[in-house]
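Okay, final-v1.cif now, which holds mmCIF, C-alpha atoms:
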data_data
#
loop_
_atom_site.group_PDB
_atom_site.id
_atom_site.type_symbol
_atom_site.label_atom_id
_atom_site.label_comp_id
_atom_site.auth_asym_id
_atom_site.auth_seq_id
_atom_site.Cartn_x
_atom_site.Cartn_y
_atom_site.Cartn_z
ATOM 1 C CA MET A 1 34.957 -87.730 9.954
ATOM 2 C CA ALA A 2 37.559 -84.942 9.795
ATOM 3 C CA LYS A 3 40.856 -85.624 11.543
ATOM 4 C CA GLU A 4 41.285 -83.642 14.770
ATOM 5 C CA CYS A 5 44.157 -81.157 14.688
ATOM 6 C CA SER A 6 46.984 -82.358 16.976
ATOM 7 C CA ASN A 7 48.362 -78.867 17.611
ATOM 8 C CA SER A 8 47.148 -77.810 21.097
ATOM 9 C CA SER A 9 47.869 -74.139 20.369
ATOM 10 C CA CYS A 10 45.752 -74.099 17.251
ATOM 11 C CA ASP A 11 42.631 -71.938 17.495
ATOM 12 C CA LYS A 12 40.849 -74.170 14.926
ATOM 13 C CA SER A 13 39.778 -71.071 12.975
ATOM 14 C CA ASN A 14 42.555 -71.190 10.404
ATOM 15 C CA CYS A 15 44.730 -74.319 10.192
ATOM 16 C CA ALA A 16 46.248 -73.550 6.806
ATOM 17 C CA GLY A 17 49.646 -72.576 8.168
ATOM 18 C CA CYS A 18 50.083 -74.917 11.121
ATOM 19 C CA ALA A 19 52.481 -77.862 11.143
ATOM 20 C CA SER A 20 49.666 -80.403 11.397
ATOM 21 C CA ALA A 21 48.054 -79.133 8.194
ATOM 22 C CA LYS A 22 51.313 -79.444 6.294
ATOM 23 C CA ASN A 23 51.417 -83.165 7.069
ATOM 24 C CA GLN A 24 47.939 -83.811 5.706
ATOM 25 C CA GLU A 25 47.345 -85.210 2.219
ATOM 26 C CA PRO A 26 46.209 -82.642 -0.387
ATOM 27 C CA GLN A 27 42.525 -82.823 -1.250
ATOM 28 C CA SER A 28 41.729 -84.822 -4.375
ATOM 29 C CA PHE A 29 39.037 -83.555 -6.762
ATOM 30 C CA LEU A 30 38.962 -86.742 -8.851
ATOM 31 C CA ALA A 31 35.430 -87.865 -9.634
ATOM 32 C CA ALA A 32 34.546 -91.510 -9.115
ATOM 33 C CA GLN A 33 34.566 -93.650 -12.238
ATOM 34 C CA ASN A 34 31.338 -95.466 -13.008
ATOM 35 C CA ILE A 35 31.422 -98.894 -11.355
ATOM 36 C CA PHE A 36 30.642 -100.528 -14.713
ATOM 37 C CA SER A 37 33.549 -98.767 -16.434
ATOM 38 C CA ASN A 38 37.203 -99.676 -16.663
ATOM 39 C CA VAL A 39 39.084 -96.974 -18.552
ATOM 40 C CA LYS A 40 42.840 -97.554 -18.664
ATOM 41 C CA HIS A 41 44.033 -94.232 -20.116
ATOM 42 C CA VAL A 42 42.434 -90.789 -20.416
ATOM 43 C CA ILE A 43 43.931 -88.463 -23.044
ATOM 44 C CA GLY A 44 42.873 -84.813 -23.269
ATOM 45 C CA VAL A 45 42.903 -82.951 -26.587
ATOM 46 C CA ILE A 46 43.233 -79.231 -25.935
ATOM 47 C CA SER A 47 43.812 -75.910 -27.665
ATOM 48 C CA GLY A 48 44.468 -72.385 -26.514
ATOM 49 C CA LYS A 49 41.880 -70.999 -28.935
ATOM 50 C CA GLY A 50 38.908 -72.139 -30.957
ATOM 51 C CA GLY A 51 38.722 -72.930 -34.648
ATOM 52 C CA VAL A 52 41.881 -75.040 -34.913
ATOM 53 C CA GLY A 53 40.189 -78.380 -35.666
ATOM 54 C CA LYS A 54 40.456 -79.890 -32.210
ATOM 55 C CA SER A 55 37.467 -82.221 -32.694
ATOM 56 C CA PHE A 56 38.922 -83.331 -36.033
ATOM 57 C CA VAL A 57 42.197 -84.240 -34.325
ATOM 58 C CA THR A 58 40.364 -85.961 -31.454
ATOM 59 C CA GLY A 59 38.468 -88.135 -33.920
ATOM 60 C CA SER A 60 41.614 -88.814 -35.935
ATOM 61 C CA LEU A 61 43.506 -89.981 -32.833
ATOM 62 C CA ALA A 62 40.591 -92.189 -31.789
ATOM 63 C CA ASN A 63 40.292 -93.718 -35.264
ATOM 64 C CA ARG A 64 43.996 -94.538 -35.448
ATOM 65 C CA MET A 65 44.008 -96.295 -32.087
ATOM 66 C CA ALA A 66 40.776 -98.154 -32.900
ATOM 67 C CA ALA A 67 42.304 -99.298 -36.194
ATOM 68 C CA LYS A 68 45.203 -100.756 -34.184
ATOM 69 C CA GLY A 69 42.763 -102.928 -32.267
ATOM 70 C CA TYR A 70 42.424 -100.879 -29.097
ATOM 71 C CA LYS A 71 39.086 -100.284 -27.390
ATOM 72 C CA VAL A 72 38.476 -96.556 -27.707
ATOM 73 C CA GLY A 73 35.984 -93.937 -26.555
ATOM 74 C CA ILE A 74 35.477 -90.188 -27.029
ATOM 75 C CA LEU A 75 34.081 -87.946 -24.299
ATOM 76 C CA ASP A 76 32.864 -84.764 -25.989
ATOM 77 C CA ALA A 77 33.540 -82.147 -23.301
ATOM 78 C CA ASP A 78 32.842 -79.235 -25.649
ATOM 79 C CA ILE A 79 29.340 -78.901 -24.218
ATOM 80 C CA THR A 80 28.320 -75.685 -25.983
ATOM 81 C CA GLY A 81 29.862 -76.613 -29.321
ATOM 82 C CA PRO A 82 29.591 -80.400 -29.690
ATOM 83 C CA SER A 83 30.484 -81.831 -33.082
ATOM 84 C CA ILE A 84 31.636 -85.419 -32.490
ATOM 85 C CA PRO A 85 28.238 -87.129 -33.081
ATOM 86 C CA ARG A 86 27.678 -85.259 -36.368
ATOM 87 C CA MET A 87 31.160 -86.208 -37.598
ATOM 88 C CA TYR A 88 30.400 -89.900 -37.066
ATOM 89 C CA GLY A 89 26.789 -89.777 -38.217
ATOM 90 C CA VAL A 90 25.534 -90.821 -34.763
ATOM 91 C CA LYS A 91 22.225 -89.560 -33.405
ATOM 92 C CA GLY A 92 20.529 -89.765 -30.014
ATOM 93 C CA PRO A 93 18.943 -90.302 -27.749
ATOM 94 C CA ALA A 94 21.513 -92.162 -25.685
ATOM 95 C CA MET A 95 20.027 -95.216 -24.013
ATOM 96 C CA GLY A 96 20.159 -96.091 -20.335
ATOM 97 C CA ASP A 97 18.845 -98.318 -17.580
ATOM 98 C CA GLU A 98 18.940 -98.499 -13.791
ATOM 99 C CA ASN A 99 22.742 -98.825 -13.903
ATOM 100 C CA GLY A 100 23.351 -95.627 -15.851
ATOM 101 C CA THR A 101 23.593 -94.263 -19.377
ATOM 102 C CA TYR A 102 25.347 -96.025 -22.245
ATOM 103 C CA PRO A 103 27.476 -94.240 -24.865
ATOM 104 C CA ALA A 104 26.552 -94.444 -28.526
ATOM 105 C CA GLU A 105 28.805 -96.439 -30.842
ATOM 106 C CA THR A 106 30.260 -95.416 -34.187
ATOM 107 C CA ALA A 107 30.555 -97.540 -37.318
ATOM 108 C CA ASN A 108 34.182 -98.355 -36.399
ATOM 109 C CA GLY A 109 33.360 -99.357 -32.834
ATOM 110 C CA ILE A 110 34.273 -96.167 -30.953
ATOM 111 C CA LYS A 111 32.071 -95.347 -27.966
ATOM 112 C CA ILE A 112 31.054 -91.683 -27.787
ATOM 113 C CA MET A 113 29.140 -89.484 -25.378
ATOM 114 C CA SER A 114 28.138 -85.931 -26.178
ATOM 115 C CA ILE A 115 25.490 -83.519 -24.958
ATOM 116 C CA ASN A 116 23.968 -83.732 -28.451
ATOM 117 C CA LEU A 117 22.980 -87.316 -27.674
ATOM 118 C CA LEU A 118 20.873 -86.069 -24.759
ATOM 119 C CA LEU A 119 19.175 -83.024 -26.317
ATOM 120 C CA PRO A 120 15.812 -83.009 -28.159
ATOM 121 C CA THR A 121 17.585 -82.137 -31.435
ATOM 122 C CA GLU A 122 21.211 -81.590 -32.415
ATOM 123 C CA GLU A 123 20.401 -77.926 -33.121
ATOM 124 C CA THR A 124 19.122 -77.316 -29.560
ATOM 125 C CA PRO A 125 21.504 -74.788 -27.951
ATOM 126 C CA VAL A 126 23.036 -75.311 -24.531
ATOM 127 C CA VAL A 127 22.494 -72.019 -22.687
ATOM 128 C CA TRP A 128 24.105 -72.889 -19.365
ATOM 129 C CA ARG A 129 26.505 -71.141 -17.032
ATOM 130 C CA GLY A 130 30.052 -72.399 -16.553
ATOM 131 C CA PRO A 131 29.588 -74.421 -13.325
ATOM 132 C CA VAL A 132 26.631 -76.341 -14.808
ATOM 133 C CA ILE A 133 28.622 -77.149 -17.945
ATOM 134 C CA ALA A 134 31.617 -78.247 -15.883
ATOM 135 C CA ASN A 135 29.439 -80.521 -13.768
ATOM 136 C CA MET A 136 28.082 -82.174 -16.929
ATOM 137 C CA VAL A 137 31.632 -83.167 -17.897
ATOM 138 C CA LYS A 138 32.047 -84.843 -14.501
ATOM 139 C CA GLN A 139 28.766 -86.698 -15.045
ATOM 140 C CA PHE A 140 30.002 -87.939 -18.419
ATOM 141 C CA TRP A 141 32.763 -89.660 -16.452
ATOM 142 C CA SER A 142 30.803 -90.832 -13.404
ATOM 143 C CA ASP A 143 27.380 -91.667 -14.862
ATOM 144 C CA ILE A 144 28.263 -93.088 -18.274
ATOM 145 C CA ILE A 145 28.835 -96.839 -18.552
ATOM 146 C CA TRP A 146 31.980 -96.862 -20.696
ATOM 147 C CA GLY A 147 32.765 -100.533 -20.122
ATOM 148 C CA GLU A 148 36.290 -101.704 -20.974
ATOM 149 C CA LEU A 149 38.346 -99.031 -22.747
ATOM 150 C CA ASP A 150 42.052 -98.797 -23.477
ATOM 151 C CA TYR A 151 41.814 -95.093 -24.360
ATOM 152 C CA LEU A 152 39.228 -92.416 -23.664
ATOM 153 C CA PHE A 153 39.945 -89.261 -25.668
ATOM 154 C CA VAL A 154 38.444 -86.099 -24.193
ATOM 155 C CA ASP A 155 37.598 -83.378 -26.717
ATOM 156 C CA MET A 156 38.045 -80.263 -24.586
ATOM 157 C CA PRO A 157 36.506 -76.853 -25.232
ATOM 158 C CA PRO A 158 39.055 -74.201 -26.222
ATOM 159 C CA GLY A 159 40.807 -71.985 -23.725
ATOM 160 C CA THR A 160 41.706 -72.346 -20.060
ATOM 161 C CA GLY A 161 38.360 -71.793 -18.335
ATOM 162 C CA ASP A 162 35.950 -73.723 -16.125
ATOM 163 C CA VAL A 163 35.472 -76.833 -18.236
ATOM 164 C CA PRO A 164 39.127 -77.676 -19.047
ATOM 165 C CA LEU A 165 40.013 -76.982 -15.415
ATOM 166 C CA THR A 166 37.227 -79.262 -14.162
ATOM 167 C CA ALA A 167 38.243 -82.002 -16.588
ATOM 168 C CA PHE A 168 41.880 -81.815 -15.502
ATOM 169 C CA GLN A 169 40.925 -81.964 -11.820
ATOM 170 C CA SER A 170 38.087 -84.489 -12.028
ATOM 171 C CA LEU A 171 39.346 -87.010 -14.591
ATOM 172 C CA PRO A 172 42.533 -89.086 -14.243
ATOM 173 C CA VAL A 173 44.138 -87.521 -17.333
ATOM 174 C CA ASP A 174 47.343 -89.329 -18.329
ATOM 175 C CA GLY A 175 48.446 -86.715 -20.856
ATOM 176 C CA VAL A 176 47.281 -84.108 -23.338
ATOM 177 C CA VAL A 177 47.759 -83.402 -27.020
ATOM 178 C CA ILE A 178 47.814 -79.720 -27.998
ATOM 179 C CA VAL A 179 46.209 -78.735 -31.308
ATOM 180 C CA THR A 180 47.248 -75.542 -33.054
ATOM 181 C CA SER A 181 47.452 -73.833 -36.435
ATOM 182 C CA PRO A 182 50.304 -72.005 -38.223
ATOM 183 C CA GLN A 183 49.266 -68.362 -37.660
ATOM 184 C CA ASP A 184 51.675 -65.889 -36.053
ATOM 185 C CA LEU A 185 49.780 -66.109 -32.738
ATOM 186 C CA VAL A 186 50.662 -69.794 -32.426
ATOM 187 C CA SER A 187 53.555 -69.311 -29.998
ATOM 188 C CA MET A 188 51.425 -67.512 -27.423
ATOM 189 C CA ILE A 189 48.446 -69.862 -27.850
ATOM 190 C CA VAL A 190 50.476 -73.071 -27.580
ATOM 191 C CA LYS A 191 52.348 -71.822 -24.535
ATOM 192 C CA LYS A 192 49.099 -70.933 -22.745
ATOM 193 C CA ALA A 193 47.807 -74.479 -23.243
ATOM 194 C CA TYR A 194 51.175 -75.969 -22.306
ATOM 195 C CA LYS A 195 51.442 -73.928 -19.104
ATOM 196 C CA MET A 196 47.917 -74.858 -18.032
ATOM 197 C CA ALA A 197 48.775 -78.551 -18.369
ATOM 198 C CA GLU A 198 52.034 -77.908 -16.518
ATOM 199 C CA MET A 199 50.186 -76.174 -13.675
ATOM 200 C CA MET A 200 47.925 -79.231 -13.363
ATOM 201 C CA ASN A 201 50.938 -81.610 -13.429
ATOM 202 C CA ILE A 202 49.698 -83.317 -16.594
ATOM 203 C CA PRO A 203 52.254 -84.360 -19.241
ATOM 204 C CA VAL A 204 52.025 -82.856 -22.717
ATOM 205 C CA LEU A 205 52.381 -85.798 -25.101
ATOM 206 C CA GLY A 206 52.911 -83.622 -28.169
ATOM 207 C CA ILE A 207 51.573 -81.017 -30.565
ATOM 208 C CA VAL A 208 49.531 -81.435 -33.740
ATOM 209 C CA GLU A 209 49.531 -78.600 -36.254
ATOM 210 C CA ASN A 210 46.306 -78.415 -38.253
ATOM 211 C CA TYR A 211 45.728 -76.370 -41.443
ATOM 212 C CA SER A 212 49.481 -76.653 -41.908
ATOM 213 C CA TYR A 213 49.364 -76.367 -45.709
ATOM 214 C CA VAL A 214 47.273 -77.151 -48.762
ATOM 215 C CA LYS A 215 48.421 -79.304 -51.665
ATOM 216 C CA CYS A 216 48.193 -77.861 -55.167
ATOM 217 C CA PRO A 217 45.662 -80.051 -57.047
ATOM 218 C CA ASP A 218 47.779 -79.880 -60.216
ATOM 219 C CA CYS A 219 51.376 -80.446 -59.096
ATOM 220 C CA GLY A 220 51.048 -81.544 -55.444
ATOM 221 C CA THR A 221 53.245 -78.707 -54.140
ATOM 222 C CA ALA A 222 52.580 -77.780 -50.510
ATOM 223 C CA ILE A 223 51.351 -74.186 -50.224
ATOM 224 C CA ASN A 224 51.629 -72.513 -46.808
ATOM 225 C CA ILE A 225 48.556 -70.305 -47.031
ATOM 226 C CA PHE A 226 48.899 -69.175 -43.401
ATOM 227 C CA GLY A 227 52.613 -68.465 -43.754
ATOM 228 C CA GLU A 228 55.655 -70.457 -42.763
ATOM 229 C CA SER A 229 55.174 -72.819 -39.842
ATOM 230 C CA HIS A 230 57.184 -72.255 -36.669
ATOM 231 C CA ILE A 231 55.787 -75.219 -34.741
ATOM 232 C CA ASP A 232 59.076 -77.140 -34.796
ATOM 233 C CA GLU A 233 60.922 -74.307 -33.048
ATOM 234 C CA ILE A 234 58.167 -73.890 -30.461
ATOM 235 C CA ALA A 235 58.025 -77.626 -29.793
ATOM 236 C CA ALA A 236 61.819 -77.727 -29.381
ATOM 237 C CA GLU A 237 61.624 -74.864 -26.894
ATOM 238 C CA LEU A 238 58.956 -76.673 -24.869
ATOM 239 C CA LYS A 239 60.737 -80.029 -25.300
ATOM 240 C CA VAL A 240 57.682 -81.811 -26.690
ATOM 241 C CA PRO A 241 57.382 -83.663 -30.014
ATOM 242 C CA VAL A 242 55.421 -82.566 -33.066
ATOM 243 C CA LEU A 243 53.058 -85.480 -33.674
ATOM 244 C CA GLY A 244 51.920 -84.390 -37.103
ATOM 245 C CA LYS A 245 51.254 -81.564 -39.542
ATOM 246 C CA MET A 246 47.844 -81.916 -41.132
ATOM 247 C CA PRO A 247 46.972 -80.184 -44.405
ATOM 248 C CA MET A 248 43.667 -78.664 -45.380
ATOM 249 C CA ASP A 249 42.159 -81.688 -47.094
ATOM 250 C CA ALA A 250 38.758 -81.254 -48.750
ATOM 251 C CA ASP A 251 38.120 -84.999 -48.845
ATOM 252 C CA LEU A 252 38.680 -85.387 -45.100
ATOM 253 C CA ALA A 253 36.523 -82.356 -44.362
ATOM 254 C CA LYS A 254 33.737 -83.728 -46.546
ATOM 255 C CA LYS A 255 33.714 -87.046 -44.666
ATOM 256 C CA ALA A 256 33.395 -85.181 -41.378
ATOM 257 C CA ASP A 257 30.577 -82.984 -42.702
ATOM 258 C CA CYS A 258 28.551 -85.917 -44.035
ATOM 259 C CA GLY A 259 28.962 -88.132 -40.959
ATOM 260 C CA ALA A 260 31.412 -90.597 -42.504
ATOM 261 C CA PHE A 261 34.388 -89.863 -40.260
ATOM 262 C CA ALA A 262 34.600 -93.490 -39.099
ATOM 263 C CA ALA A 263 36.133 -94.330 -42.478
ATOM 264 C CA ILE A 264 39.151 -92.047 -41.908
ATOM 265 C CA VAL A 265 42.510 -93.345 -40.699
ATOM 266 C CA ASN A 266 44.543 -90.155 -40.709
ATOM 267 C CA GLU A 267 48.097 -90.864 -41.874
ATOM 268 C CA TYR A 268 49.221 -87.311 -41.114
ATOM 269 C CA ILE A 269 49.396 -88.036 -37.376
ATOM 270 C CA ALA A 270 50.939 -91.511 -37.420
ATOM 271 C CA ASP A 271 53.594 -90.398 -34.907
ATOM 272 C CA ALA A 272 50.898 -89.877 -32.261
ATOM 273 C CA GLU A 273 50.722 -93.621 -31.665
ATOM 274 C CA LYS A 274 54.298 -93.614 -30.371
ATOM 275 C CA VAL A 275 53.570 -91.332 -27.400
ATOM 276 C CA MET A 276 50.340 -92.932 -26.182
ATOM 277 C CA PRO A 277 50.707 -94.466 -22.706
ATOM 278 C CA GLN A 278 50.659 -98.239 -22.623
#

Starting from the file, lay out its structure as structure tokens.
Amino acid sequence: MAKECSNSSCDKSNCAGCASAKNQEPQSFLAAQNIFSNVKHVIGVISGKGGVGKSFVTGSLANRMAAKGYKVGILDADITGPSIPRMYGVKGPAMGDENGTYPAETANGIKIMSINLLLPTEETPVVWRGPVIANMVKQFWSDIIWGELDYLFVDMPPGTGDVPLTAFQSLPVDGVVIVTSPQDLVSMIVKKAYKMAEMMNIPVLGIVENYSYVKCPDCGTAINIFGESHIDEIAAELKVPVLGKMPMDADLAKKADCGAFAAIVNEYIADAEKVMPQ
């Protein structure tokens, strides 16, 4: 039942500015966690634009923490462009019972949930409007039986639209990792993602630069095919750490393409472990 306004002069039509309203707690949009789940930490992986390898970084972070003995899950919130199940060679359908739906499990023990595990085929497109997509992300939190997890990594869609906003408001996100690439637009893109997290009062744990360089197959020299990186200066300006600079590695890409990503423990982002909440 709504609390009665204590201001006798209030006309009840608009309480936004009265003294009584100012003393009320702000409305929480957090969705209820499934009663059969106990997730200790939720980490968002975000980017200001698409095509920067965000899913690759999400999987790499999850693999590193799983290799350290933590119980890990991945919530694939990129509803219209899901790639996590294909990377791990996992296929649907996801199984469920009267208590809810269970995530699939990868070869290295990571629990994953993606829309591709609920569709007739992995090529079936998701032609939904924004609010429906955003609600699906909430259901992945409320309806999925995650069990005991130390870390749930959320692979966000790119940008600052409906779905990232819903995830930030509905899930108890402890921090985010920003993924970017070395192009000249990086400053603007990183700052957009950073400011969105700041607006939602969510800490930025650090930045990962993907496609940072490619190693010459003959001499091993690093070649900056996208130009010189400026991520260190940008990170210093924002006062957040650079967690890793990942090269374009054909072997890593091949494992992702053929569904063998569970075998990867990405050494390029070893520093990410240091900033994960405990």

Report the residues retrieved by the PyMOL selection byres ((chain A and resi 103-115) around 9) from the displayed file, expressed as JSON, numbers by chain. {"A": [62, 63, 66, 67, 71, 72, 73, 74, 75, 76, 77, 78, 79, 80, 82, 83, 84, 85, 88, 89, 90, 91, 92, 93, 94, 95, 96, 101, 102, 116, 117, 118, 119, 122, 126, 136, 140, 144, 145, 146, 149, 152, 260, 262, 263]}

File dump, residues just selected, C-alpha atoms, as a PDB file, keeping the file's coordinate frame:
ATOM      1  CA  ALA A  62      40.591 -92.189 -31.789  1.00  0.00           C
ATOM      2  CA  ASN A  63      40.292 -93.718 -35.264  1.00  0.00           C
ATOM      3  CA  ALA A  66      40.776 -98.154 -32.900  1.00  0.00           C
ATOM      4  CA  ALA A  67      42.304 -99.298 -36.194  1.00  0.00           C
ATOM      5  CA  LYS A  71      39.086-100.284 -27.390  1.00  0.00           C
ATOM      6  CA  VAL A  72      38.476 -96.556 -27.707  1.00  0.00           C
ATOM      7  CA  GLY A  73      35.984 -93.937 -26.555  1.00  0.00           C
ATOM      8  CA  ILE A  74      35.477 -90.188 -27.029  1.00  0.00           C
ATOM      9  CA  LEU A  75      34.081 -87.946 -24.299  1.00  0.00           C
ATOM     10  CA  ASP A  76      32.864 -84.764 -25.989  1.00  0.00           C
ATOM     11  CA  ALA A  77      33.540 -82.147 -23.301  1.00  0.00           C
ATOM     12  CA  ASP A  78      32.842 -79.235 -25.649  1.00  0.00           C
ATOM     13  CA  ILE A  79      29.340 -78.901 -24.218  1.00  0.00           C
ATOM     14  CA  THR A  80      28.320 -75.685 -25.983  1.00  0.00           C
ATOM     15  CA  PRO A  82      29.591 -80.400 -29.690  1.00  0.00           C
ATOM     16  CA  SER A  83      30.484 -81.831 -33.082  1.00  0.00           C
ATOM     17  CA  ILE A  84      31.636 -85.419 -32.490  1.00  0.00           C
ATOM     18  CA  PRO A  85      28.238 -87.129 -33.081  1.00  0.00           C
ATOM     19  CA  TYR A  88      30.400 -89.900 -37.066  1.00  0.00           C
ATOM     20  CA  GLY A  89      26.789 -89.777 -38.217  1.00  0.00           C
ATOM     21  CA  VAL A  90      25.534 -90.821 -34.763  1.00  0.00           C
ATOM     22  CA  LYS A  91      22.225 -89.560 -33.405  1.00  0.00           C
ATOM     23  CA  GLY A  92      20.529 -89.765 -30.014  1.00  0.00           C
ATOM     24  CA  PRO A  93      18.943 -90.302 -27.749  1.00  0.00           C
ATOM     25  CA  ALA A  94      21.513 -92.162 -25.685  1.00  0.00           C
ATOM     26  CA  MET A  95      20.027 -95.216 -24.013  1.00  0.00           C
ATOM     27  CA  GLY A  96      20.159 -96.091 -20.335  1.00  0.00           C
ATOM     28  CA  THR A 101      23.593 -94.263 -19.377  1.00  0.00           C
ATOM     29  CA  TYR A 102      25.347 -96.025 -22.245  1.00  0.00           C
ATOM     30  CA  ASN A 116      23.968 -83.732 -28.451  1.00  0.00           C
ATOM     31  CA  LEU A 117      22.980 -87.316 -27.674  1.00  0.00           C
ATOM     32  CA  LEU A 118      20.873 -86.069 -24.759  1.00  0.00           C
ATOM     33  CA  LEU A 119      19.175 -83.024 -26.317  1.00  0.00           C
ATOM     34  CA  GLU A 122      21.211 -81.590 -32.415  1.00  0.00           C
ATOM     35  CA  VAL A 126      23.036 -75.311 -24.531  1.00  0.00           C
ATOM     36  CA  MET A 136      28.082 -82.174 -16.929  1.00  0.00           C
ATOM     37  CA  PHE A 140      30.002 -87.939 -18.419  1.00  0.00           C
ATOM     38  CA  ILE A 144      28.263 -93.088 -18.274  1.00  0.00           C
ATOM     39  CA  ILE A 145      28.835 -96.839 -18.552  1.00  0.00           C
ATOM     40  CA  TRP A 146      31.980 -96.862 -20.696  1.00  0.00           C
ATOM     41  CA  LEU A 149      38.346 -99.031 -22.747  1.00  0.00           C
ATOM     42  CA  LEU A 152      39.228 -92.416 -23.664  1.00  0.00           C
ATOM     43  CA  ALA A 260      31.412 -90.597 -42.504  1.00  0.00           C
ATOM     44  CA  ALA A 262      34.600 -93.490 -39.099  1.00  0.00           C
ATOM     45  CA  ALA A 263      36.133 -94.330 -42.478  1.00  0.00           C
TER      46      ALA A 263
END

In Å, with one decimal, what is the gap from atom CA of A:Val240 to atom CA of A:Leu30? 26.3 Å

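Residue nearest A:Pro125, chosen from A:Ser55, A:Ser212, A:Glu267, A:Gly81 and counting only C-alpha atoms: A:Gly81.
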
Which polymer residues have any atom within 10 Å of an atom of stretch 186-201 of chain A, counting only C-alpha atoms, with same-chain residues fewer than 4 positions away left out, as an MDAnalysis selection string? chainID A and resid 44 46:49 158:160 164:165 168:169 173:182 206:207 209 229:231 233:235 238 240

In Å, with one decimal, what is the gap from atom CA of A:Asn34 to atom CA of A:Glu123? 28.8 Å

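Nearest residue to A:Thr221, choosing from A:Pro247, A:Pro241, A:Met87, A:Gln278 and counting all atoms listed in the file: A:Pro247.
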
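Each of A:Gly161, A:Phe36, A:Asp155, A:Ala250 was checked against A:Lys215 using only C-alpha atoms; the smallest atom-to-atom distance is that of A:Ala250.
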
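Going from atom CA of A:Lys138 to atom CA of A:Ser170 covers 6.5 Å.
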
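Applied to this file, the PyMOL selection byres ((chain A and resi 253) around 12) selects Gly53, Ser55, Phe56, Val57, Ser60, Met87, Tyr211, Met246, Pro247, Met248, Asp249, Ala250, Asp251, Leu252, Lys254, Lys255, Ala256, Asp257, Cys258, Gly259, Ala260, Phe261, Ile264 and Asn266 of chain A.
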
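The nearest approach to A:Gln33 among the residues A:Asn99, A:Ser142, A:Asn135, A:Thr58, with all atoms listed in the file taken into account, belongs to A:Ser142.
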
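All protein, DNA and RNA residues at most 10 Å from (44.8, -99.7, -15.9) are Asn38, Val39, Lys40, His41, Leu149, Asp150 and Gln278 of chain A, using only C-alpha atoms.
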
The residue from A:Lys68, A:Glu148, A:Ile35, A:Thr121 with the smallest atom-to-atom distance to A:Gly100, counting all atoms listed in the file, is A:Ile35
